[in-house]
file upload.txt (compact mmCIF, C-alpha atoms)
# COMPACT_ATOMS: atom_id res chain seq x y z
CA MET A 1 0.00 0.00 0.00
CA ALA A 2 1.33 3.40 -0.94
CA LYS A 3 2.34 5.74 1.86
CA ILE A 4 -0.38 8.28 0.95
CA GLU A 5 -3.02 5.53 1.20
CA GLU A 6 -1.72 4.55 4.65
CA LYS A 7 -1.85 8.16 5.88
CA ILE A 8 -5.38 8.64 4.57
CA GLU A 9 -6.56 5.37 6.11
CA GLU A 10 -5.09 6.43 9.44
CA LEU A 11 -6.82 9.83 9.16
CA VAL A 12 -10.30 8.58 8.26
CA THR A 13 -10.55 5.36 10.30
CA LYS A 14 -11.83 6.91 13.55
CA PRO A 15 -14.60 9.05 12.04
CA ILE A 16 -15.72 6.16 9.84
CA THR A 17 -15.67 3.75 12.80
CA ASP A 18 -17.62 6.29 14.87
CA LEU A 19 -20.36 6.12 12.22
CA GLY A 20 -20.56 2.32 12.60
CA TYR A 21 -18.51 1.24 9.57
CA ARG A 22 -15.12 -0.38 8.95
CA VAL A 23 -12.52 0.89 6.52
CA TYR A 24 -11.96 -2.08 4.22
CA ASP A 25 -9.41 -0.42 1.93
CA VAL A 26 -8.09 2.88 0.62
CA MET A 27 -6.80 3.25 -2.94
CA TYR A 28 -5.34 6.32 -4.60
CA VAL A 29 -5.13 5.72 -8.36
CA LYS A 30 -4.61 7.64 -11.56
CA GLU A 31 -6.91 6.71 -14.43
CA GLY A 32 -6.30 8.62 -17.62
CA LYS A 33 -5.79 12.24 -16.62
CA ASP A 34 -7.87 11.96 -13.43
CA ASN A 35 -6.90 10.97 -9.88
CA PHE A 36 -9.29 9.00 -7.67
CA LEU A 37 -9.25 8.48 -3.93
CA ARG A 38 -11.37 5.40 -3.30
CA ILE A 39 -12.37 4.53 0.23
CA PHE A 40 -14.11 1.19 0.64
CA ILE A 41 -16.29 0.80 3.73
CA ASP A 42 -18.01 -2.23 5.17
CA ASN A 43 -20.21 -3.40 8.04
CA ASP A 44 -22.17 -6.52 8.93
CA LYS A 45 -25.41 -5.23 7.36
CA GLY A 46 -24.05 -4.24 3.96
CA ILE A 47 -23.47 -0.79 2.52
CA SER A 48 -26.12 1.44 0.94
CA LEU A 49 -25.85 4.67 -1.01
CA ASP A 50 -26.99 6.53 2.13
CA ASP A 51 -24.09 4.97 4.06
CA CYS A 52 -21.63 6.17 1.42
CA GLU A 53 -23.12 9.65 1.58
CA LYS A 54 -22.82 9.76 5.40
CA VAL A 55 -19.17 8.79 5.24
CA ASN A 56 -18.48 11.25 2.42
CA ASP A 57 -20.02 14.10 4.43
CA ALA A 58 -18.06 13.12 7.55
CA ILE A 59 -14.60 13.01 5.97
CA THR A 60 -14.56 15.48 3.06
CA ASP A 61 -13.63 18.55 5.12
CA MET A 62 -11.11 16.53 7.12
CA LEU A 63 -9.39 15.38 3.94
CA ASP A 64 -9.34 18.95 2.58
CA GLU A 65 -7.85 20.30 5.81
CA ALA A 66 -5.20 17.58 6.02
CA ASP A 67 -4.18 18.40 2.42
CA LEU A 68 -2.36 15.08 2.00
CA ILE A 69 -3.05 14.98 -1.74
CA LYS A 70 -1.75 18.01 -3.58
CA ASP A 71 -3.30 17.17 -6.95
CA GLN A 72 -6.99 17.48 -7.76
CA TYR A 73 -8.83 14.20 -7.20
CA PHE A 74 -12.28 12.67 -7.12
CA LEU A 75 -13.39 11.11 -3.82
CA GLU A 76 -15.36 7.88 -4.12
CA ILE A 77 -16.87 6.05 -1.15
CA SER A 78 -18.23 2.58 -1.81
CA SER A 79 -18.66 -0.98 -0.62
CA PRO A 80 -15.86 -3.44 -1.41
CA GLY A 81 -18.52 -5.50 -3.23
CA VAL A 82 -19.08 -9.22 -3.55
CA GLU A 83 -15.91 -9.66 -5.61
CA ARG A 84 -13.77 -7.66 -3.20
CA ASN A 85 -10.07 -7.15 -3.80
CA ILE A 86 -7.67 -8.87 -1.44
CA ARG A 87 -4.64 -6.62 -0.94
CA LYS A 88 -3.73 -6.62 2.74
CA ASP A 89 -2.91 -9.39 5.19
CA LYS A 90 -6.15 -8.67 7.06
CA HIS A 91 -8.03 -9.27 3.77
CA PHE A 92 -6.22 -12.60 3.33
CA GLU A 93 -7.06 -13.61 6.92
CA GLU A 94 -10.76 -12.82 6.36
CA SER A 95 -10.68 -14.80 3.10
CA ILE A 96 -9.27 -18.13 4.33
CA GLY A 97 -11.72 -20.82 3.22
CA LYS A 98 -13.36 -18.62 0.59
CA GLU A 99 -13.23 -19.15 -3.15
CA VAL A 100 -10.90 -16.67 -4.83
CA ASN A 101 -9.95 -15.77 -8.38
CA ILE A 102 -6.27 -15.02 -8.94
CA LYS A 103 -4.82 -13.29 -12.00
CA LEU A 104 -1.10 -13.73 -12.55
CA PHE A 105 1.58 -11.66 -14.21
CA LYS A 106 3.22 -14.83 -15.59
CA PRO A 107 1.62 -18.25 -16.08
CA LEU A 108 2.51 -21.11 -13.75
CA GLU A 109 3.78 -24.48 -14.99
CA ASN A 110 0.26 -25.45 -16.08
CA LYS A 111 0.27 -22.41 -18.40
CA GLU A 112 -2.68 -20.74 -16.68
CA LYS A 113 -2.65 -17.02 -15.94
CA GLU A 114 -5.94 -17.15 -14.07
CA ILE A 115 -6.71 -19.62 -11.28
CA THR A 116 -9.78 -20.11 -9.11
CA GLY A 117 -9.75 -22.05 -5.88
CA ILE A 118 -10.24 -22.05 -2.13
CA LEU A 119 -7.75 -19.87 -0.25
CA LYS A 120 -6.03 -22.19 2.21
CA ASP A 121 -3.11 -20.17 3.56
CA PHE A 122 -0.76 -17.26 2.93
CA ASP A 123 2.45 -15.73 4.18
CA LYS A 124 4.59 -12.76 3.13
CA GLU A 125 5.90 -14.63 0.08
CA THR A 126 3.17 -17.01 -1.07
CA VAL A 127 -0.54 -17.79 -1.33
CA LYS A 128 -1.83 -21.36 -1.20
CA ILE A 129 -5.10 -22.39 -2.84
CA GLU A 130 -6.87 -25.67 -3.46
CA THR A 131 -8.38 -26.04 -6.92
CA ASP A 132 -11.59 -27.88 -7.80
CA LYS A 133 -9.31 -30.79 -8.84
CA ASN A 134 -8.09 -31.06 -5.22
CA GLU A 135 -4.67 -29.77 -6.22
CA GLU A 136 -2.90 -27.50 -3.77
CA ILE A 137 -1.06 -24.74 -5.59
CA THR A 138 1.46 -22.37 -4.04
CA ILE A 139 1.70 -19.05 -5.85
CA PRO A 140 4.40 -16.44 -5.25
CA ARG A 141 2.71 -13.21 -4.13
CA ASN A 142 4.97 -11.16 -6.41
CA ASN A 143 3.41 -12.99 -9.39
CA ILE A 144 -0.15 -12.04 -8.40
CA SER A 145 -1.62 -9.24 -10.48
CA SER A 146 -4.94 -9.32 -8.58
CA ILE A 147 -6.80 -11.56 -6.21
CA LYS A 148 -10.52 -11.22 -5.51
CA TRP A 149 -13.33 -13.14 -3.94
CA ALA A 150 -14.93 -15.32 -6.60
CA PHE A 151 -18.68 -14.95 -6.97
CA LYS A 152 -20.80 -17.24 -9.11
CA TRP A 153 -23.41 -15.09 -10.86
call {"tool": "encode", "arguments": {"input": "upload.txt", "output": "structure tokens"}}
result
Amino acid sequence: MAKIEEKIEELVTKPITDLGYRVYDVMYVKEGKDNFLRIFIDNDKGISLDDCEKVNDAITDMLDEADLIKDQYFLEISSPGVERNIRKDKHFEESIGKEVNIKLFKPLENKEKEITGILKDFDKETVKIETDKNEEITIPRNNISSIKWAFKW
């Protein structure tokens, strides 16, 4: 996680928690010519548009005053969704036993660049999943482009 994302998460966690939500993730990304600060919130009941609006209203002035981002950006508050990204160790811990979809930078020996399976374990270097063929695969974390919860539509 980028340093700016860590600082923003630290800044907004208390007011978001005080409203009854959890900060799931913070992402600061450039897309085209625009910058986006995305704050993903969660709770046990699910997230509605009203929830996003409450959080937006509670943190906008605080973010402006802190002035951590010098460039113009768009603030987006949302739920992490059913196919939530797994980026932090706490996300991996919450995801043990869940089905995940992993996209790789380089294919593994079986030539696949995308693998779906049950997340079994992880450490700083690797992620272990069990495929539907009962194969346990160990994947280097530095080869993972993205990892998300898998959701069957």
call {"tool": "closest_atom_pairs", "arguments": {"input": "upload.txt", "of": "range 72-129 of chain A", "to": "range 16-34 of chain A", "cutoff": "9 Å", "atoms": "all atoms listed in the file", "output": "CSV"}}
result
residue,atom,partner,partner_atom,distance
A:Gln72,CA,A:Asp34,CA,8.0
A:Tyr73,CA,A:Asp34,CA,6.7
A:Phe74,CA,A:Asp34,CA,7.7
A:Ser79,CA,A:Tyr24,CA,8.3
A:Pro80,CA,A:Tyr24,CA,7.0
A:Asn85,CA,A:Asp25,CA,8.9
A:Arg87,CA,A:Asp25,CA,8.3
A:Lys88,CA,A:Asp25,CA,8.4
A:His91,CA,A:Tyr24,CA,8.2
call {"tool": "residues_around", "arguments": {"input": "upload.txt", "residues": "Asp132 in chain A", "least_positions_apart": "6", "cutoff": "9 Å", "atoms": "all atoms listed in the file", "output": "list in words"}}
result
Thr116, Gly117 and Ile118 of chain A
call {"tool": "closest_residue", "arguments": {"input": "upload.txt", "among": "A:Ile86, A:Ala150, A:Ile4, A:Leu37", "to": "Val127 in chain A", "atoms": "all atoms listed in the file"}}
result
A:Ile86
call {"tool": "closest_residue", "arguments": {"input": "upload.txt", "among": "A:Phe105, A:Lys113, A:Ile8, A:Leu119", "to": "Asn142 in chain A", "atoms": "all atoms listed in the file"}}
result
A:Phe105
call {"tool": "atom_distance", "arguments": {"input": "upload.txt", "atom1": "CA of Lys133 in chain A", "atom2": "CA of Lys90 in chain A"}}
result
27.4 Å
call {"tool": "closest_residue", "arguments": {"input": "upload.txt", "among": "A:Asp89, A:Glu125, A:Pro140, A:Glu135", "to": "Leu108 in chain A", "atoms": "only C-alpha atoms"}}
result
A:Pro140
call {"tool": "atom_distance", "arguments": {"input": "upload.txt", "atom1": "CA of Asp71 in chain A", "atom2": "CA of Asn35 in chain A"}}
result
7.7 Å
call {"tool": "closest_residue", "arguments": {"input": "upload.txt", "among": "A:Asn43, A:Thr131, A:Thr138, A:Ser48", "to": "Lys98 in chain A", "atoms": "all atoms listed in the file"}}
result
A:Thr131
call {"tool": "residues_around", "arguments": {"input": "upload.txt", "residues": "Leu68 in chain A", "least_positions_apart": "2", "cutoff": "9 Å", "atoms": "all atoms listed in the file", "output": "JSON, numbers by chain"}}
result
{"A": [4, 7, 8, 63, 64, 65, 66, 70]}
call {"tool": "axis_aligned_box", "arguments": {"input": "upload.txt", "around": "range 116-122 of chain A", "padding_each_side": "8 Å", "output": "lines of an AutoDock Vina configuration file"}}
result
center_x = -5.5
center_y = -19.7
center_z = -2.8
size_x = 25.5
size_y = 20.9
size_z = 28.7
call {"tool": "atom_distance", "arguments": {"input": "upload.txt", "atom1": "CA of Trp153 in chain A", "atom2": "CA of Val55 in chain A"}}
result
29.1 Å
call {"tool": "build_atoms", "arguments": {"input": "upload.txt", "residues": "range 8-38 of chain A", "atoms": "N, CA and C atoms", "output": "mmCIF file, keeping the file's coordinate frame"}}
result
data_model
loop_
_atom_site.group_PDB
_atom_site.id
_atom_site.type_symbol
_atom_site.label_atom_id
_atom_site.label_comp_id
_atom_site.auth_asym_id
_atom_site.auth_seq_id
_atom_site.Cartn_x
_atom_site.Cartn_y
_atom_site.Cartn_z
ATOM 1 N N ILE A 8 -3.950 8.345 4.695
ATOM 2 C CA ILE A 8 -5.380 8.640 4.570
ATOM 3 C C ILE A 8 -6.193 7.644 5.387
ATOM 4 N N GLU A 9 -5.836 6.369 5.329
ATOM 5 C CA GLU A 9 -6.560 5.370 6.110
ATOM 6 C C GLU A 9 -6.464 5.691 7.604
ATOM 7 N N GLU A 10 -5.281 6.066 8.036
ATOM 8 C CA GLU A 10 -5.090 6.430 9.440
ATOM 9 C C GLU A 10 -5.963 7.642 9.818
ATOM 10 N N LEU A 11 -6.052 8.609 8.919
ATOM 11 C CA LEU A 11 -6.820 9.830 9.160
ATOM 12 C C LEU A 11 -8.323 9.564 9.258
ATOM 13 N N VAL A 12 -8.842 8.737 8.370
ATOM 14 C CA VAL A 12 -10.300 8.580 8.260
ATOM 15 C C VAL A 12 -10.879 7.413 9.077
ATOM 16 N N THR A 13 -10.046 6.550 9.606
ATOM 17 C CA THR A 13 -10.550 5.360 10.300
ATOM 18 C C THR A 13 -11.441 5.707 11.488
ATOM 19 N N LYS A 14 -11.021 6.603 12.355
ATOM 20 C CA LYS A 14 -11.830 6.910 13.550
ATOM 21 C C LYS A 14 -13.190 7.500 13.192
ATOM 22 N N PRO A 15 -13.265 8.536 12.348
ATOM 23 C CA PRO A 15 -14.600 9.050 12.040
ATOM 24 C C PRO A 15 -15.499 8.026 11.332
ATOM 25 N N ILE A 16 -14.922 7.184 10.518
ATOM 26 C CA ILE A 16 -15.720 6.160 9.840
ATOM 27 C C ILE A 16 -16.186 5.103 10.844
ATOM 28 N N THR A 17 -15.304 4.708 11.747
ATOM 29 C CA THR A 17 -15.670 3.750 12.800
ATOM 30 C C THR A 17 -16.740 4.334 13.703
ATOM 31 N N ASP A 18 -16.619 5.626 14.025
ATOM 32 C CA ASP A 18 -17.620 6.290 14.870
ATOM 33 C C ASP A 18 -19.008 6.266 14.242
ATOM 34 N N LEU A 19 -19.076 6.195 12.914
ATOM 35 C CA LEU A 19 -20.360 6.120 12.220
ATOM 36 C C LEU A 19 -20.908 4.686 12.142
ATOM 37 N N GLY A 20 -20.102 3.714 12.592
ATOM 38 C CA GLY A 20 -20.560 2.320 12.600
ATOM 39 C C GLY A 20 -20.086 1.496 11.414
ATOM 40 N N TYR A 21 -19.043 1.952 10.732
ATOM 41 C CA TYR A 21 -18.510 1.240 9.570
ATOM 42 C C TYR A 21 -17.056 0.853 9.811
ATOM 43 N N ARG A 22 -16.536 -0.024 8.959
ATOM 44 C CA ARG A 22 -15.120 -0.380 8.950
ATOM 45 C C ARG A 22 -14.504 0.129 7.656
ATOM 46 N N VAL A 23 -13.257 0.562 7.736
ATOM 47 C CA VAL A 23 -12.520 0.890 6.520
ATOM 48 C C VAL A 23 -11.972 -0.433 6.000
ATOM 49 N N TYR A 24 -12.448 -0.833 4.817
ATOM 50 C CA TYR A 24 -11.960 -2.080 4.220
ATOM 51 C C TYR A 24 -10.651 -1.818 3.473
ATOM 52 N N ASP A 25 -10.609 -0.718 2.722
ATOM 53 C CA ASP A 25 -9.410 -0.420 1.930
ATOM 54 C C ASP A 25 -9.431 1.030 1.500
ATOM 55 N N VAL A 26 -8.255 1.541 1.177
ATOM 56 C CA VAL A 26 -8.090 2.880 0.620
ATOM 57 C C VAL A 26 -7.170 2.742 -0.591
ATOM 58 N N MET A 27 -7.611 3.292 -1.718
ATOM 59 C CA MET A 27 -6.800 3.250 -2.940
ATOM 60 C C MET A 27 -6.732 4.646 -3.548
ATOM 61 N N TYR A 28 -5.529 5.056 -3.883
ATOM 62 C CA TYR A 28 -5.340 6.320 -4.600
ATOM 63 C C TYR A 28 -4.756 5.950 -5.958
ATOM 64 N N VAL A 29 -5.529 6.177 -7.022
ATOM 65 C CA VAL A 29 -5.130 5.720 -8.360
ATOM 66 C C VAL A 29 -5.292 6.833 -9.384
ATOM 67 N N LYS A 30 -4.486 6.740 -10.417
ATOM 68 C CA LYS A 30 -4.610 7.640 -11.560
ATOM 69 C C LYS A 30 -5.199 6.826 -12.700
ATOM 70 N N GLU A 31 -6.274 7.351 -13.281
ATOM 71 C CA GLU A 31 -6.910 6.710 -14.430
ATOM 72 C C GLU A 31 -7.053 7.770 -15.506
ATOM 73 N N GLY A 32 -6.317 7.582 -16.588
ATOM 74 C CA GLY A 32 -6.300 8.620 -17.620
ATOM 75 C C GLY A 32 -5.656 9.861 -17.029
ATOM 76 N N LYS A 33 -6.335 10.992 -17.165
ATOM 77 C CA LYS A 33 -5.790 12.240 -16.620
ATOM 78 C C LYS A 33 -6.331 12.552 -15.230
ATOM 79 N N ASP A 34 -7.208 11.695 -14.711
ATOM 80 C CA ASP A 34 -7.870 11.960 -13.430
ATOM 81 C C ASP A 34 -7.301 11.103 -12.298
ATOM 82 N N ASN A 35 -7.300 11.684 -11.092
ATOM 83 C CA ASN A 35 -6.900 10.970 -9.880
ATOM 84 C C ASN A 35 -8.146 10.641 -9.070
ATOM 85 N N PHE A 36 -8.156 9.449 -8.472
ATOM 86 C CA PHE A 36 -9.290 9.000 -7.670
ATOM 87 C C PHE A 36 -8.797 8.524 -6.315
ATOM 88 N N LEU A 37 -9.453 9.002 -5.275
ATOM 89 C CA LEU A 37 -9.250 8.480 -3.930
ATOM 90 C C LEU A 37 -10.478 7.629 -3.638
ATOM 91 N N ARG A 38 -10.266 6.318 -3.531
ATOM 92 C CA ARG A 38 -11.370 5.400 -3.300
ATOM 93 C C ARG A 38 -11.264 4.838 -1.889
#
